[in-house]
>>> print(open('work_31.cif').read())   # mmCIF, C-alpha atoms
data_start
loop_
_atom_site.label_atom_id
_atom_site.label_comp_id
_atom_site.auth_asym_id
_atom_site.auth_seq_id
_atom_site.Cartn_x
_atom_site.Cartn_y
_atom_site.Cartn_z
CA MET A 1 -22.29 8.27 -45.23
CA SER A 2 -21.11 9.59 -48.61
CA THR A 3 -17.55 8.56 -47.73
CA ILE A 4 -18.72 5.01 -47.11
CA GLN A 5 -20.67 4.91 -50.37
CA LYS A 6 -17.66 6.01 -52.40
CA SER A 7 -15.69 2.98 -51.28
CA VAL A 8 -18.51 0.58 -52.14
CA ASP A 9 -18.79 -0.91 -55.62
CA ASN A 10 -21.41 -3.55 -56.34
CA GLY A 11 -21.45 -2.67 -60.03
CA VAL A 12 -24.75 -0.82 -59.80
CA ASN A 13 -24.96 2.75 -61.02
CA VAL A 14 -27.19 4.13 -58.30
CA ALA A 15 -26.74 7.73 -59.44
CA ALA A 16 -28.21 6.81 -62.83
CA LEU A 17 -31.12 4.99 -61.20
CA LEU A 18 -31.84 7.95 -58.92
CA GLY A 19 -31.64 10.22 -61.97
CA ALA A 20 -34.12 7.97 -63.80
CA ARG A 21 -36.44 8.09 -60.80
CA GLU A 22 -36.27 11.87 -60.80
CA ALA A 23 -36.85 12.11 -64.57
CA LEU A 24 -39.67 9.54 -64.72
CA SER A 25 -41.53 11.09 -61.81
CA LYS A 26 -42.00 14.11 -64.09
CA THR A 27 -42.76 12.13 -67.28
CA PRO A 28 -44.93 9.15 -66.29
CA GLU A 29 -45.59 8.28 -69.96
CA ALA A 30 -41.89 7.42 -70.39
CA ALA A 31 -42.26 4.86 -67.58
CA GLN A 32 -44.75 2.77 -69.56
CA PHE A 33 -42.80 -0.32 -70.65
CA LYS A 34 -43.74 -3.30 -72.80
CA TRP A 35 -41.61 -6.42 -72.36
CA ARG A 36 -41.82 -9.04 -75.09
CA ALA A 37 -40.95 -12.61 -75.99
CA SER A 38 -41.64 -14.75 -79.03
CA VAL A 39 -41.84 -18.50 -78.95
CA LYS A 40 -41.59 -21.26 -81.51
CA TRP A 41 -42.63 -24.83 -80.94
CA VAL A 42 -39.83 -27.25 -81.87
CA ASN A 43 -41.31 -30.70 -81.25
CA GLY A 44 -43.20 -32.42 -78.47
CA THR A 45 -42.95 -30.24 -75.36
CA HIS A 46 -39.73 -28.59 -76.61
CA SER A 47 -39.86 -24.90 -77.53
CA MET A 48 -37.52 -22.00 -78.11
CA THR A 49 -38.19 -18.52 -76.77
CA ARG A 50 -36.45 -15.42 -78.07
CA VAL A 51 -36.17 -12.11 -76.27
CA GLU A 52 -34.91 -9.14 -78.23
CA GLY A 53 -36.95 -5.95 -78.41
CA PHE A 54 -38.97 -4.08 -75.86
CA TYR A 55 -40.63 -0.69 -75.55
CA GLY A 56 -39.73 1.94 -72.99
CA LEU A 57 -38.82 5.59 -72.47
CA GLY A 58 -41.32 6.36 -75.21
CA THR A 59 -39.60 4.40 -77.98
CA GLU A 60 -38.70 0.93 -79.28
CA GLN A 61 -35.62 -0.50 -77.58
CA ARG A 62 -33.36 -3.44 -78.35
CA HIS A 63 -31.19 -5.68 -76.19
CA LYS A 64 -27.52 -5.74 -77.21
CA THR A 65 -27.95 -9.38 -78.20
CA VAL A 66 -30.84 -11.79 -78.71
CA PHE A 67 -31.43 -13.99 -75.65
CA SER A 68 -32.92 -17.42 -76.26
CA PHE A 69 -34.29 -20.03 -73.90
CA GLU A 70 -35.05 -23.64 -74.60
CA ALA A 71 -37.78 -25.25 -72.55
CA ASP A 72 -38.93 -28.85 -72.39
CA HIS A 73 -40.24 -31.45 -69.99
CA PRO A 74 -37.98 -34.04 -68.33
CA GLU A 75 -37.64 -37.67 -69.34
CA ILE A 76 -39.85 -38.87 -66.48
CA PHE A 77 -42.70 -37.13 -68.34
CA ALA A 78 -41.72 -39.04 -71.52
CA SER A 79 -40.13 -35.90 -72.99
CA ALA A 80 -36.63 -35.27 -74.32
CA ASP A 81 -35.41 -32.93 -71.52
CA ARG A 82 -33.85 -30.49 -73.98
CA GLY A 83 -34.44 -27.50 -71.72
CA ALA A 84 -35.57 -26.43 -68.29
CA THR A 85 -39.24 -26.79 -67.52
CA PRO A 86 -41.37 -23.65 -67.82
CA VAL A 87 -41.90 -23.60 -64.04
CA GLU A 88 -38.12 -23.63 -63.50
CA LEU A 89 -37.86 -20.62 -65.84
CA VAL A 90 -40.23 -18.82 -63.49
CA LEU A 91 -37.93 -19.64 -60.56
CA ALA A 92 -35.00 -18.23 -62.57
CA GLY A 93 -36.99 -15.03 -63.09
CA LEU A 94 -37.80 -14.70 -59.40
CA ALA A 95 -34.27 -15.46 -58.29
CA SER A 96 -32.61 -13.05 -60.69
CA CYS A 97 -35.05 -10.27 -59.85
CA LEU A 98 -34.45 -10.54 -56.11
CA THR A 99 -30.68 -10.82 -56.64
CA ALA A 100 -30.50 -7.69 -58.81
CA GLY A 101 -32.54 -5.91 -56.16
CA VAL A 102 -30.18 -6.94 -53.38
CA ALA A 103 -27.23 -5.52 -55.35
CA ALA A 104 -29.00 -2.24 -56.10
CA VAL A 105 -30.25 -1.71 -52.56
CA ALA A 106 -26.83 -2.59 -51.10
CA GLN A 107 -25.18 -0.04 -53.37
CA ASN A 108 -27.69 2.61 -52.36
CA ARG A 109 -27.09 1.83 -48.68
CA GLY A 110 -23.29 1.74 -48.96
CA ILE A 111 -22.99 -1.97 -48.20
CA GLN A 112 -20.24 -3.84 -50.07
CA LEU A 113 -21.35 -7.27 -51.25
CA ARG A 114 -18.86 -10.09 -51.62
CA SER A 115 -21.19 -12.90 -52.63
CA VAL A 116 -24.92 -13.36 -53.00
CA GLU A 117 -26.33 -16.82 -53.56
CA SER A 118 -29.83 -18.12 -53.28
CA SER A 119 -31.61 -21.40 -53.65
CA LEU A 120 -35.24 -21.70 -54.60
CA GLU A 121 -37.69 -24.51 -54.19
CA GLY A 122 -41.24 -24.51 -55.51
CA LYS A 123 -43.68 -27.20 -54.42
CA MET A 124 -46.18 -28.49 -56.93
CA ASP A 125 -48.70 -31.30 -56.85
CA ILE A 126 -48.70 -32.44 -60.47
CA ARG A 127 -52.13 -34.02 -60.10
CA GLY A 128 -53.28 -30.51 -61.04
CA ILE A 129 -51.68 -30.31 -64.49
CA LEU A 130 -52.52 -33.96 -65.16
CA GLY A 131 -56.20 -33.24 -64.53
CA ILE A 132 -56.48 -35.93 -61.83
CA ASP A 133 -58.06 -33.74 -59.17
CA SER A 134 -59.76 -30.45 -60.01
CA ASP A 135 -59.22 -29.25 -56.42
CA VAL A 136 -55.43 -29.31 -56.96
CA ARG A 137 -54.05 -26.16 -58.54
CA ASN A 138 -51.85 -26.35 -61.66
CA GLY A 139 -49.10 -24.07 -60.38
CA TYR A 140 -46.89 -23.87 -57.32
CA ASP A 141 -48.40 -24.37 -53.88
CA ASP A 142 -45.58 -22.30 -52.47
CA ILE A 143 -42.06 -21.15 -53.22
CA LYS A 144 -39.25 -20.80 -50.72
CA VAL A 145 -36.22 -18.59 -51.47
CA THR A 146 -33.17 -18.81 -49.20
CA PHE A 147 -30.38 -16.26 -49.53
CA LYS A 148 -26.81 -16.69 -48.38
CA ILE A 149 -25.06 -13.32 -48.46
CA ASP A 150 -21.51 -12.36 -47.60
CA ALA A 151 -21.33 -8.57 -47.20
CA ASP A 152 -19.88 -5.77 -45.11
CA GLY A 153 -22.96 -5.42 -42.97
CA SER A 154 -24.64 -6.80 -39.88
CA LYS A 155 -27.14 -9.65 -40.03
CA GLU A 156 -29.87 -7.01 -39.60
CA ASP A 157 -28.45 -4.91 -42.47
CA ILE A 158 -28.46 -7.96 -44.72
CA GLU A 159 -31.99 -9.00 -43.77
CA ALA A 160 -33.14 -5.45 -44.45
CA LEU A 161 -31.49 -5.54 -47.91
CA VAL A 162 -33.39 -8.69 -48.81
CA ALA A 163 -36.65 -7.31 -47.44
CA GLN A 164 -36.30 -4.12 -49.48
CA SER A 165 -35.44 -6.08 -52.63
CA GLN A 166 -38.57 -8.18 -52.12
CA LYS A 167 -40.66 -5.03 -51.63
CA ARG A 168 -39.54 -3.62 -55.02
CA SER A 169 -39.30 -6.84 -57.00
CA ALA A 170 -41.35 -7.02 -60.20
CA VAL A 171 -41.29 -10.82 -60.37
CA TYR A 172 -42.11 -11.26 -56.67
CA ASP A 173 -45.20 -9.13 -57.31
CA ILE A 174 -46.11 -11.04 -60.48
CA ILE A 175 -46.00 -14.38 -58.65
CA THR A 176 -47.57 -13.39 -55.33
CA ASN A 177 -50.36 -11.24 -56.77
CA PRO A 178 -52.75 -11.89 -59.66
CA VAL A 179 -51.82 -10.62 -63.13
CA ASN A 180 -54.38 -10.43 -65.91
CA VAL A 181 -53.30 -12.66 -68.82
CA THR A 182 -55.18 -12.76 -72.12
CA VAL A 183 -54.49 -15.66 -74.49
CA GLN A 184 -55.81 -15.42 -78.03
CA VAL A 185 -55.39 -17.05 -81.43
CA ALA A 186 -54.51 -14.67 -84.26
CA MET B 187 -60.56 -41.98 -83.42
CA SER B 188 -57.63 -44.31 -82.70
CA THR B 189 -56.92 -44.51 -86.44
CA ILE B 190 -56.70 -40.74 -86.63
CA GLN B 191 -54.40 -40.62 -83.60
CA LYS B 192 -51.98 -43.13 -85.11
CA SER B 193 -51.33 -40.89 -88.10
CA VAL B 194 -50.67 -37.85 -85.92
CA ASP B 195 -47.21 -37.20 -84.50
CA ASN B 196 -46.53 -34.03 -82.56
CA GLY B 197 -43.69 -35.68 -80.64
CA VAL B 198 -45.72 -36.05 -77.47
CA ASN B 199 -46.07 -39.49 -75.89
CA VAL B 200 -49.70 -39.25 -74.85
CA ALA B 201 -49.90 -42.93 -73.89
CA ALA B 202 -47.14 -42.35 -71.32
CA LEU B 203 -48.89 -39.25 -69.97
CA LEU B 204 -52.20 -41.08 -69.67
CA GLY B 205 -50.34 -43.93 -67.93
CA ALA B 206 -48.80 -41.42 -65.51
CA ARG B 207 -52.22 -39.96 -64.83
CA GLU B 208 -53.58 -43.43 -64.08
CA ALA B 209 -50.62 -44.30 -61.82
CA LEU B 210 -50.51 -40.98 -59.95
CA SER B 211 -54.25 -40.99 -59.28
CA LYS B 212 -53.54 -44.07 -57.14
CA THR B 213 -50.33 -42.76 -55.51
CA PRO B 214 -50.83 -39.04 -54.80
CA GLU B 215 -47.58 -38.88 -52.79
CA ALA B 216 -45.61 -39.58 -56.00
CA ALA B 217 -47.23 -36.49 -57.54
CA GLN B 218 -45.61 -34.15 -55.00
CA PHE B 219 -42.85 -32.36 -56.93
CA LYS B 220 -40.21 -29.84 -55.85
CA TRP B 221 -38.69 -27.73 -58.63
CA ARG B 222 -35.44 -25.95 -57.85
CA ALA B 223 -33.05 -23.28 -59.04
CA SER B 224 -29.87 -21.83 -57.57
CA VAL B 225 -28.63 -18.37 -58.33
CA LYS B 226 -25.30 -16.59 -58.06
CA TRP B 227 -24.85 -12.88 -58.24
CA VAL B 228 -22.17 -11.96 -60.80
CA ASN B 229 -21.93 -8.16 -60.62
CA GLY B 230 -24.35 -5.26 -60.66
CA THR B 231 -27.74 -6.57 -61.76
CA HIS B 232 -26.17 -9.53 -63.58
CA SER B 233 -26.79 -13.01 -62.19
CA MET B 234 -26.55 -16.62 -63.26
CA THR B 235 -29.24 -19.19 -62.46
CA ARG B 236 -28.66 -22.91 -62.64
CA VAL B 237 -31.33 -25.57 -62.90
CA GLU B 238 -30.30 -29.16 -62.41
CA GLY B 239 -32.04 -31.32 -59.81
CA PHE B 240 -35.65 -31.65 -58.76
CA TYR B 241 -37.74 -33.99 -56.67
CA GLY B 242 -40.60 -36.10 -57.98
CA LEU B 243 -42.08 -39.59 -58.13
CA GLY B 244 -40.88 -40.01 -54.56
CA THR B 245 -37.17 -39.52 -55.26
CA GLU B 246 -34.44 -37.05 -56.27
CA GLN B 247 -34.29 -36.50 -60.04
CA ARG B 248 -31.77 -34.87 -62.33
CA HIS B 249 -32.05 -33.17 -65.69
CA LYS B 250 -29.87 -34.72 -68.42
CA THR B 251 -27.84 -31.52 -68.45
CA VAL B 252 -27.50 -28.40 -66.32
CA PHE B 253 -29.51 -25.49 -67.70
CA SER B 254 -28.25 -22.01 -66.96
CA PHE B 255 -29.78 -18.60 -67.46
CA GLU B 256 -28.11 -15.24 -67.36
CA ALA B 257 -30.22 -12.30 -66.31
CA ASP B 258 -29.43 -8.60 -66.24
CA HIS B 259 -30.98 -5.21 -66.80
CA PRO B 260 -30.67 -3.33 -70.10
CA GLU B 261 -28.34 -0.43 -70.78
CA ILE B 262 -31.12 2.15 -70.47
CA PHE B 263 -31.14 1.19 -66.76
CA ALA B 264 -27.37 1.80 -66.61
CA SER B 265 -26.71 -1.97 -66.59
CA ALA B 266 -24.57 -4.13 -68.86
CA ASP B 267 -27.44 -6.04 -70.60
CA ARG B 268 -25.68 -9.38 -70.28
CA GLY B 269 -28.95 -11.31 -70.07
CA ALA B 270 -32.69 -11.04 -70.40
CA THR B 271 -34.49 -9.17 -67.67
CA PRO B 272 -36.13 -11.28 -64.96
CA VAL B 273 -39.59 -10.23 -66.19
CA GLU B 274 -38.74 -11.47 -69.69
CA LEU B 275 -37.75 -14.83 -68.16
CA VAL B 276 -41.26 -15.00 -66.75
CA LEU B 277 -42.68 -14.43 -70.25
CA ALA B 278 -40.45 -17.26 -71.52
CA GLY B 279 -41.87 -19.53 -68.81
CA LEU B 280 -45.46 -18.64 -69.69
CA ALA B 281 -44.92 -19.02 -73.42
CA SER B 282 -43.16 -22.36 -73.20
CA CYS B 283 -45.76 -23.75 -70.81
CA LEU B 284 -48.68 -22.85 -73.07
CA THR B 285 -46.81 -24.12 -76.15
CA ALA B 286 -46.04 -27.52 -74.59
CA GLY B 287 -49.68 -27.74 -73.60
CA VAL B 288 -50.87 -27.03 -77.13
CA ALA B 289 -48.68 -29.87 -78.44
CA ALA B 290 -49.85 -32.32 -75.79
CA VAL B 291 -53.54 -31.51 -76.19
CA ALA B 292 -53.28 -31.64 -79.99
CA GLN B 293 -51.69 -35.08 -79.79
CA ASN B 294 -54.43 -36.29 -77.45
CA ARG B 295 -57.10 -34.96 -79.81
CA GLY B 296 -55.50 -36.35 -82.96
CA ILE B 297 -54.67 -32.95 -84.46
CA GLN B 298 -51.42 -32.72 -86.42
CA LEU B 299 -49.52 -29.51 -85.76
CA ARG B 300 -47.28 -27.99 -88.41
CA SER B 301 -46.19 -24.84 -86.62
CA VAL B 302 -46.99 -23.12 -83.35
CA GLU B 303 -45.73 -19.63 -82.70
CA SER B 304 -46.70 -17.08 -80.13
CA SER B 305 -45.77 -13.57 -79.21
CA LEU B 306 -46.12 -12.18 -75.73
CA GLU B 307 -46.28 -8.65 -74.47
CA GLY B 308 -46.38 -7.62 -70.82
CA LYS B 309 -47.16 -4.05 -69.86
CA MET B 310 -45.40 -2.55 -66.87
CA ASP B 311 -45.30 0.92 -65.39
CA ILE B 312 -41.77 1.08 -64.03
CA ARG B 313 -42.68 3.86 -61.61
CA GLY B 314 -43.57 0.90 -59.37
CA ILE B 315 -40.12 -0.69 -59.17
CA LEU B 316 -38.48 2.75 -58.99
CA GLY B 317 -40.59 3.60 -55.95
CA ILE B 318 -41.99 6.77 -57.55
CA ASP B 319 -45.65 6.03 -56.86
CA SER B 320 -46.75 3.51 -54.25
CA ASP B 321 -50.09 3.08 -56.05
CA VAL B 322 -48.29 1.59 -59.08
CA ARG B 323 -47.60 -2.14 -58.81
CA ASN B 324 -44.09 -3.51 -59.36
CA GLY B 325 -45.09 -6.28 -61.74
CA TYR B 326 -47.02 -6.54 -64.99
CA ASP B 327 -50.32 -4.72 -65.36
CA ASP B 328 -51.33 -7.29 -67.92
CA ILE B 329 -49.88 -9.80 -70.35
CA LYS B 330 -51.18 -10.57 -73.82
CA VAL B 331 -50.30 -13.86 -75.55
CA THR B 332 -51.11 -14.26 -79.25
CA PHE B 333 -50.80 -17.67 -80.90
CA LYS B 334 -50.38 -18.34 -84.61
CA ILE B 335 -50.97 -22.03 -85.27
CA ASP B 336 -50.83 -24.03 -88.48
CA ALA B 337 -52.50 -27.40 -87.91
CA ASP B 338 -54.85 -29.97 -89.42
CA GLY B 339 -57.89 -28.62 -87.67
CA SER B 340 -60.62 -26.01 -87.94
CA LYS B 341 -60.31 -22.56 -86.40
CA GLU B 342 -62.61 -23.81 -83.62
CA ASP B 343 -60.42 -26.90 -83.03
CA ILE B 344 -57.35 -24.69 -82.74
CA GLU B 345 -59.03 -22.23 -80.39
CA ALA B 346 -60.16 -25.15 -78.24
CA LEU B 347 -56.57 -26.50 -78.12
CA VAL B 348 -55.28 -23.19 -76.84
CA ALA B 349 -58.10 -22.88 -74.31
CA GLN B 350 -57.42 -26.36 -72.93
CA SER B 351 -53.67 -25.67 -72.73
CA GLN B 352 -54.43 -22.49 -70.77
CA LYS B 353 -56.74 -24.43 -68.45
CA ARG B 354 -53.97 -26.91 -67.55
CA SER B 355 -50.97 -24.58 -67.62
CA ALA B 356 -48.86 -24.40 -64.46
CA VAL B 357 -47.29 -21.05 -65.35
CA TYR B 358 -50.59 -19.48 -66.40
CA ASP B 359 -51.91 -20.41 -62.96
CA ILE B 360 -48.78 -19.10 -61.18
CA ILE B 361 -49.09 -15.71 -62.91
CA THR B 362 -52.85 -15.23 -62.82
CA ASN B 363 -53.39 -16.46 -59.25
CA PRO B 364 -51.49 -15.67 -56.03
CA VAL B 365 -48.65 -17.98 -54.98
CA ASN B 366 -47.21 -17.87 -51.49
CA VAL B 367 -43.50 -16.94 -51.64
CA THR B 368 -41.28 -16.94 -48.55
CA VAL B 369 -37.94 -15.16 -48.77
CA GLN B 370 -35.42 -15.73 -45.99
CA VAL B 371 -31.75 -15.23 -45.20
CA ALA B 372 -29.89 -18.36 -44.11
#
>>> encode(input="work_31.cif", output="structure tokens")
Amino acid sequence: MSTIQKSVDNGVNVAALLGAREALSKTPEAAQFKWRASVKWVNGTHSMTRVEGFYGLGTEQRHKTVFSFEADHPEIFASADRGATPVELVLAGLASCLTAGVAAVAQNRGIQLRSVESSLEGKMDIRGILGIDSDVRNGYDDIKVTFKIDADGSKEDIEALVAQSQKRSAVYDIITNPVNVTVQVA
Amino acid sequence: MSTIQKSVDNGVNVAALLGAREALSKTPEAAQFKWRASVKWVNGTHSMTRVEGFYGLGTEQRHKTVFSFEADHPEIFASADRGATPVELVLAGLASCLTAGVAAVAQNRGIQLRSVESSLEGKMDIRGILGIDSDVRNGYDDIKVTFKIDADGSKEDIEALVAQSQKRSAVYDIITNPVNVTVQVA
């Protein structure tokens, strides 16, 4: 098993992650993270979000660079389409979370990945957000994620990778289970 | 009221949105949207998401440009930090959704906005995703959104804007209520 793992490189440092697991199981306070974003309205439905600092391992942290995301509504909603819609950003979060998980689990299980692709589709009845029918929810009715994975493993191995990634995915949990959100005006 | 509205310009075409509401209340099938994203694994926890086409108003639609999002994990997780984390992308989605809503509601209510900023913070105990304690959830424990708005309106008007945006927000609904997500391997 260890011989197989040595020849596998998915670019994930599993030893470091296992070390973190060991360390954080003894110091739960270091595992308390705060992820942040700040947003500025540009015009109309167009906004710019910046992601830079976060808190974790007991101290303030900083990404190597500032990441920014433009969001907008498309032209069919009489907007300028200067960015993805907010609900597409959520799909990007889900997709990237599951994909990172697949790579980490594959590394841990000694499975070499060659390519991992997925397509996501979220169904939404926009009568909800337009306030046409109060029985229609604002958000997605359901989301389907389909992976296509080329890897040194059986179909069962690959399905198990995806299942384990799903089981440990932060964004999968955020979307499938309720999260308490407080919105206030300063 | 109409006189007030004429002098207000937040860049949102409310007449078009009200027209869409009128039209879609008569043709609910046109209100069935499918939002999409496709994701490619790059290396390690680094991935690239593309957003381009979607389905709505009974036909395939396309954004004016392709929007792409890099995601990764930070260096403290032994990753390369080449993009925001997936959970930060979710914050960007929430923030941009609420911000677009504030602009649209303000336009509809004849309130001129000068600036809209918000900061978001999501708390997460990463013992969940590391599999240290099965009683700890993978996703956010809670998210706090704080708006700072400069507008031609009273404090009460501004608080009501934010409350109405929250009430109609697709991403707020996705995060605070359960969404069914199916993950499969092709």
>>> residues_around(input="work_31.cif", residues="region 253-259 of chain B", least_positions_apart="6", cutoff="10 Å", atoms="all atoms listed in the file", output="ChimeraX atom specification")
/A:63,67-71,82-85,88-89,92-93,95-97,99-100 /B:223-238,265-275
>>> resolve_selection(input="work_31.cif", expression="the PyMOL selection byres ((chain A and resi 129-141) around 9)", output="ChimeraX atom specification")
/A:87,122-128,142-143 /B:203-204,206-208,210-211,353-361,363,365-366
>>> atom_distance(input="work_31.cif", atom1="CA of Gly296 (chain B)", atom2="CA of Ala349 (chain B)")
16.2 Å
>>> resolve_selection(input="work_31.cif", expression="the PyMOL selection byres ((chain A and resi 146) around 8)", output="PDB file with C-alpha atoms, in the coordinates of the input")
ATOM      1  CA  SER A 118     -29.830 -18.120 -53.280  1.00  0.00           C
ATOM      2  CA  SER A 119     -31.610 -21.400 -53.650  1.00  0.00           C
ATOM      3  CA  LEU A 120     -35.240 -21.700 -54.600  1.00  0.00           C
ATOM      4  CA  LYS A 144     -39.250 -20.800 -50.720  1.00  0.00           C
ATOM      5  CA  VAL A 145     -36.220 -18.590 -51.470  1.00  0.00           C
ATOM      6  CA  PHE A 147     -30.380 -16.260 -49.530  1.00  0.00           C
ATOM      7  CA  LYS A 148     -26.810 -16.690 -48.380  1.00  0.00           C
TER       8      LYS A 148
ATOM      9  CA  VAL B 369     -37.940 -15.160 -48.770  1.00  0.00           C
ATOM     10  CA  GLN B 370     -35.420 -15.730 -45.990  1.00  0.00           C
ATOM     11  CA  VAL B 371     -31.750 -15.230 -45.200  1.00  0.00           C
ATOM     12  CA  ALA B 372     -29.890 -18.360 -44.110  1.00  0.00           C
TER      13      ALA B 372
END
>>> atom_distance(input="work_31.cif", atom1="CA of Arg300 (chain B)", atom2="CA of Asn196 (chain B)")
8.4 Å
>>> closest_residue(input="work_31.cif", among="A:Ala23, A:Ala106, A:Ile158, A:Val12", to="chain B", atoms="only C-alpha atoms")
A:Val12
>>> decode(input="work_31.cif", residues="region 23-57 of chain A", atoms="C-alpha atoms", output="mmCIF file, in the first residue's frame")
data_model
loop_
_atom_site.group_PDB
_atom_site.id
_atom_site.type_symbol
_atom_site.label_atom_id
_atom_site.label_comp_id
_atom_site.auth_asym_id
_atom_site.auth_seq_id
_atom_site.Cartn_x
_atom_site.Cartn_y
_atom_site.Cartn_z
ATOM 1 C CA ALA A 23 -2.568 18.553 15.812
ATOM 2 C CA LEU A 24 -6.098 20.010 15.688
ATOM 3 C CA SER A 25 -7.618 17.033 17.466
ATOM 4 C CA LYS A 26 -5.551 18.133 20.471
ATOM 5 C CA THR A 27 -6.167 21.883 20.082
ATOM 6 C CA PRO A 28 -9.805 22.344 19.011
ATOM 7 C CA GLU A 29 -9.571 26.141 19.483
ATOM 8 C CA ALA A 30 -7.083 26.316 16.587
ATOM 9 C CA ALA A 31 -9.717 24.681 14.354
ATOM 10 C CA GLN A 32 -12.123 27.617 14.736
ATOM 11 C CA PHE A 33 -11.986 29.443 11.394
ATOM 12 C CA LYS A 34 -13.649 32.628 10.162
ATOM 13 C CA TRP A 35 -13.893 33.031 6.392
ATOM 14 C CA ARG A 36 -14.605 36.517 5.077
ATOM 15 C CA ALA A 37 -15.629 38.496 2.023
ATOM 16 C CA SER A 38 -16.331 42.168 1.439
ATOM 17 C CA VAL A 39 -18.591 43.459 -1.272
ATOM 18 C CA LYS A 40 -19.079 46.767 -3.007
ATOM 19 C CA TRP A 41 -22.051 47.661 -5.143
ATOM 20 C CA VAL A 42 -20.939 48.988 -8.545
ATOM 21 C CA ASN A 43 -24.196 49.858 -10.329
ATOM 22 C CA GLY A 44 -27.508 48.166 -10.972
ATOM 23 C CA THR A 45 -27.137 44.488 -10.091
ATOM 24 C CA HIS A 46 -23.358 44.592 -10.639
ATOM 25 C CA SER A 47 -21.101 44.144 -7.604
ATOM 26 C CA MET A 48 -17.516 43.316 -6.790
ATOM 27 C CA THR A 49 -16.534 40.935 -4.009
ATOM 28 C CA ARG A 50 -13.060 40.779 -2.521
ATOM 29 C CA VAL A 51 -11.609 37.897 -0.558
ATOM 30 C CA GLU A 52 -8.352 38.471 1.257
ATOM 31 C CA GLY A 53 -8.075 37.786 4.979
ATOM 32 C CA PHE A 54 -9.424 35.048 7.166
ATOM 33 C CA TYR A 55 -8.914 33.792 10.694
ATOM 34 C CA GLY A 56 -7.613 30.362 11.611
ATOM 35 C CA LEU A 57 -5.068 28.454 13.679
#
